[in-house]
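Enquirer: Encoded as structure tokens, here's the structure I'll be asking about.
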Amino acid sequence: MACKPRIFSLIPSRLFSSIGIAIFLLASQGSLAQYNLPKFSILVENDIRSIRLSKVALRLENKMNQDLALDSVDHTPFPLNTFFINPQGWIDSVYFYPTAAGYDKKGIYNRNPDGTLFETKIITASGIIESRSLLEKAPNNEWYLRRWEQGQLSMEMRSTADSITYQSIRHQSWQPKHLYIIESFNFEKDLKSETWYEGQEIRSQKNYQWISEKGVPKSFLYSSFRRAEGTNPEENERAEFPIDEEGNAINERNGTIFDPFRNENFYSRHERFMGISNPFQSYFTEDSLIKKQEISEVFTFDGTMMIYEYVMDYRSN
């Protein structure tokens, strides 16, 4: 029998992440302007092998869209990125902030013959690999993804052959102790666990289990454990929740951002791995070789906007 739903002090970590992301987006939404580039098919049709992207400040505008003093704006063109395109229209590499003397950093994107990415790297001008992602296929056709930051392994992910993620590891620190979080899914028990480790020692754990019958959810079990630390006592919590028709755990904070189970749903309980993608892929949306584009970006906290002109210089083979 399900007990009365309660709210716990040990709110799932992903809730804090989603709250932080939401706050960041609200705070910065106005400054996240994005330029657009031609679709990959357009690049192939025109035999484009590189795109040199730069921008120049045109003017400042206030809230009333009135032009401000032009003499306060530096109109010197500023190089942003140079994209190198392969014959299939995919991005092979990117130079960040290129100059006549070189570049600040370089992005490398390696693909399989079918066009899927299996490796990405960001390399500094001095040759240091700043970050790297590597996707490999295990002998049983499962997927194994790893990411490194500054030379240290930061993330691992394993998924089944049909792309259902069943384990992910986030390495938070390696020194002086190895701190990491393992999120795993037991398909037989319909159980997801989030376990925090310090070295080989478990510091805390949260478990989310779905009880169902013939594919119909009946209840949701939550339990947590946190080891005693300092003067803090050991914490253990456990509760069972009924499920609504949409597959959500019913609790007193449903419908709010503070719902501790807002990211948990019976019908979407399996996370799917969709492969790795080039971070610039969403920029290539235009149906023509667009040459210039005006973009507004927030310049000051009072809402003043800087209007930039993005300039695209295309080079063929």
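Following the order of the structure tokens, chains are lettered A, B, ..., residues in each are numbered from 1, and ligands are numbered from 1.
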Need the shell around segment 149-158 of chain A: protein/DNA/RNA residues with any atom at most 10 Å away, counting only C-alpha atoms. Skip same-chain ones fewer than 4 positions apart. Format as a ChimeraX atom specification?
Expert: /A:122,128-138,142-145,163-174,180-184,273
Enquirer: Mind writing the picked residues with C-alpha atoms as a short mmCIF file (atom, residue, chain, number, x, y, z; two decimals), in the first residue's frame?
Expert:
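Contents of selection27.cif, as written:
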data_model
loop_
_atom_site.label_atom_id
_atom_site.label_comp_id
_atom_site.auth_asym_id
_atom_site.auth_seq_id
_atom_site.Cartn_x
_atom_site.Cartn_y
_atom_site.Cartn_z
CA ILE A 122 39.41 20.87 -29.11
CA ILE A 128 47.36 20.76 -26.01
CA ILE A 129 44.15 18.69 -26.23
CA GLU A 130 41.74 20.73 -24.14
CA SER A 131 38.75 18.39 -24.50
CA ARG A 132 37.95 15.16 -26.33
CA SER A 133 34.94 12.90 -26.89
CA LEU A 134 35.32 9.36 -28.22
CA LEU A 135 32.48 7.01 -29.18
CA GLU A 136 33.29 3.33 -29.60
CA LYS A 137 31.28 0.19 -30.28
CA ALA A 138 31.84 -2.71 -27.90
CA GLU A 142 26.79 -1.71 -27.27
CA TRP A 143 27.90 1.94 -27.29
CA TYR A 144 30.66 3.30 -25.07
CA LEU A 145 31.23 7.06 -24.90
CA SER A 163 20.71 2.94 -27.70
CA ILE A 164 19.10 2.72 -24.24
CA THR A 165 21.52 4.21 -21.72
CA TYR A 166 22.04 1.97 -18.70
CA GLN A 167 25.12 3.50 -17.07
CA SER A 168 26.75 6.91 -16.92
CA ILE A 169 29.67 8.00 -14.75
CA ARG A 170 30.54 11.62 -13.98
CA HIS A 171 34.02 12.09 -12.58
CA GLN A 172 34.01 15.27 -10.50
CA SER A 173 37.55 15.19 -9.16
CA TRP A 174 40.57 12.90 -9.24
CA TYR A 180 32.44 10.42 -8.94
CA ILE A 181 28.75 9.67 -9.48
CA ILE A 182 27.42 6.51 -11.11
CA GLU A 183 23.90 6.54 -12.52
CA SER A 184 22.74 3.06 -13.53
CA PHE A 273 21.72 7.83 -26.56
#
Enquirer: Could you go through segment 47-179 of chain A and tell me which residues DSSP, when run on the backbone, assigns to strand (DSSP E or B), listing them as a ChimeraX atom specification?
Expert: /A:48-61,67,78-85,91-96,99,102,105-111,117-124,129-137,143-149,152-159,164-173,179
Enquirer: Determine which residues of segment 18-261 of chain A receive a DSSP assignment of helix (DSSP H, G or I), computed from the backbone, and state them as a count of residues only.
Expert: 23
Enquirer: What does the distance between atom CA of Lys192 of chain A and atom CA of Ser277 of chain A come to in Å, to one decimal place?
Expert: 26.4 Å
Enquirer: May I have a table of the residues of segment 247-279 of chain A lying at most 8 Å from segment 107-117 of chain A, giving each one's closest pair of atoms and their distance in Å to one decimal, counting only C-alpha atoms, ordered by chain and ascending residue number, as a tab-separated table?
Expert:
residue	atom	partner	partner_atom	distance
A:Gly275	CA	A:Leu117	CA	7.6
A:Ile276	CA	A:Leu117	CA	6.2
A:Ser277	CA	A:Leu117	CA	6.5
A:Asn278	CA	A:Tyr109	CA	7.2
Enquirer: How many Å lie between atom CA of Val94 of chain A and atom CA of Asn81 of chain A, rounded to one decimal?
Expert: 6.5 Å
Enquirer: Which residue out of A:Val56, A:Asn254, A:Leu221, A:Glu229 has the minimum interatomic distance to Phe241 of chain A when only C-alpha atoms are used?
Expert: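 Ranked by minimum distance to Phe241 of chain A, first place goes to A:Leu221.
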Enquirer: Quick one: of A:Lys291, A:Gly255, A:Gln205, A:Lys189, who's nearest to Lys55 of chain A, counting only C-alpha atoms?
Expert: A:Lys291
Enquirer: Can you pull out every residue within 12 Å of segment 99-102 of chain A, counting only C-alpha atoms, but drop anything in the same chain fewer than 5 positions away, and send it as a list of chain:residue names?
Expert: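 Once the nearby chain positions are removed, what remains is A:Arg52, A:Leu53, A:Ser54, A:Pro77, A:Phe78, A:Pro79, A:Leu80, A:Asn81, A:Thr82, A:Thr124, A:Ala125, A:Ser126.
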Enquirer: Would you mind exporting N, CA and C atoms of the selected residues as a PDB file, in the first residue's frame?
Expert:
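Output file selection_21.pdb follows:
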ATOM      1  N   ARG A  52      34.788  31.484 -44.004  1.00  0.00           N
ATOM      2  CA  ARG A  52      35.432  32.386 -43.060  1.00  0.00           C
ATOM      3  C   ARG A  52      34.371  33.337 -42.513  1.00  0.00           C
ATOM      4  N   LEU A  53      34.142  33.255 -41.210  1.00  0.00           N
ATOM      5  CA  LEU A  53      33.095  34.036 -40.571  1.00  0.00           C
ATOM      6  C   LEU A  53      33.712  35.148 -39.734  1.00  0.00           C
ATOM      7  N   SER A  54      33.232  36.361 -39.934  1.00  0.00           N
ATOM      8  CA  SER A  54      33.689  37.493 -39.129  1.00  0.00           C
ATOM      9  C   SER A  54      32.487  38.353 -38.776  1.00  0.00           C
ATOM     10  N   PRO A  77      36.426  45.001 -38.237  1.00  0.00           N
ATOM     11  CA  PRO A  77      35.965  43.610 -38.391  1.00  0.00           C
ATOM     12  C   PRO A  77      36.740  42.679 -37.464  1.00  0.00           C
ATOM     13  N   PHE A  78      36.023  41.682 -36.916  1.00  0.00           N
ATOM     14  CA  PHE A  78      36.621  40.746 -35.968  1.00  0.00           C
ATOM     15  C   PHE A  78      36.407  39.328 -36.465  1.00  0.00           C
ATOM     16  N   PRO A  79      37.497  38.584 -36.774  1.00  0.00           N
ATOM     17  CA  PRO A  79      37.342  37.203 -37.252  1.00  0.00           C
ATOM     18  C   PRO A  79      36.863  36.282 -36.126  1.00  0.00           C
ATOM     19  N   LEU A  80      35.874  35.445 -36.425  1.00  0.00           N
ATOM     20  CA  LEU A  80      35.332  34.530 -35.429  1.00  0.00           C
ATOM     21  C   LEU A  80      35.799  33.101 -35.650  1.00  0.00           C
ATOM     22  N   ASN A  81      35.322  32.483 -36.727  1.00  0.00           N
ATOM     23  CA  ASN A  81      35.648  31.085 -37.000  1.00  0.00           C
ATOM     24  C   ASN A  81      35.913  30.884 -38.488  1.00  0.00           C
ATOM     25  N   THR A  82      36.745  29.893 -38.760  1.00  0.00           N
ATOM     26  CA  THR A  82      36.882  29.399 -40.134  1.00  0.00           C
ATOM     27  C   THR A  82      36.477  27.929 -40.130  1.00  0.00           C
ATOM     28  N   THR A 124      44.413  23.414 -28.448  1.00  0.00           N
ATOM     29  CA  THR A 124      44.922  24.781 -28.389  1.00  0.00           C
ATOM     30  C   THR A 124      45.983  24.993 -29.461  1.00  0.00           C
ATOM     31  N   ALA A 125      46.332  26.249 -29.700  1.00  0.00           N
ATOM     32  CA  ALA A 125      47.346  26.573 -30.709  1.00  0.00           C
ATOM     33  C   ALA A 125      48.697  25.952 -30.368  1.00  0.00           C
ATOM     34  N   SER A 126      48.935  25.696 -29.087  1.00  0.00           N
ATOM     35  CA  SER A 126      50.201  25.084 -28.676  1.00  0.00           C
ATOM     36  C   SER A 126      50.168  23.562 -28.760  1.00  0.00           C
TER      37      SER A 126
END
Enquirer: What does the structure give for the distance between atom CA of Glu309 of chain A and atom CA of Val73 of chain A, in Å to one decimal?
Expert: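 Taking atom CA of Glu309 of chain A and atom CA of Val73 of chain A, their separation equals 12.9 Å.
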Enquirer: Pick the closest to Ser204 of chain A from A:Asp259, A:Asp47, A:Glu234, A:Glu264: which is it, counting only C-alpha atoms?
Expert: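 The answer is A:Glu234, which sits nearest to Ser204 of chain A.
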Enquirer: Point out the residue among A:Phe266, A:Asn236, A:His178, A:Asp244 with the least atom-to-atom distance to Asp190 of chain A, counting only C-alpha atoms.
Expert: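 Between A:Phe266, A:Asn236, A:His178, A:Asp244, the residue approaching Asp190 of chain A most closely is A:Phe266.
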Enquirer: Please list as a PyMOL selection string every residue within 10 Å of Leu289 of chain A, counting only C-alpha atoms and excluding residues in the same chain fewer than 2 positions away.
Expert: chain A and resi 37-39+42-43+46+48+286-287+291-292+312-314
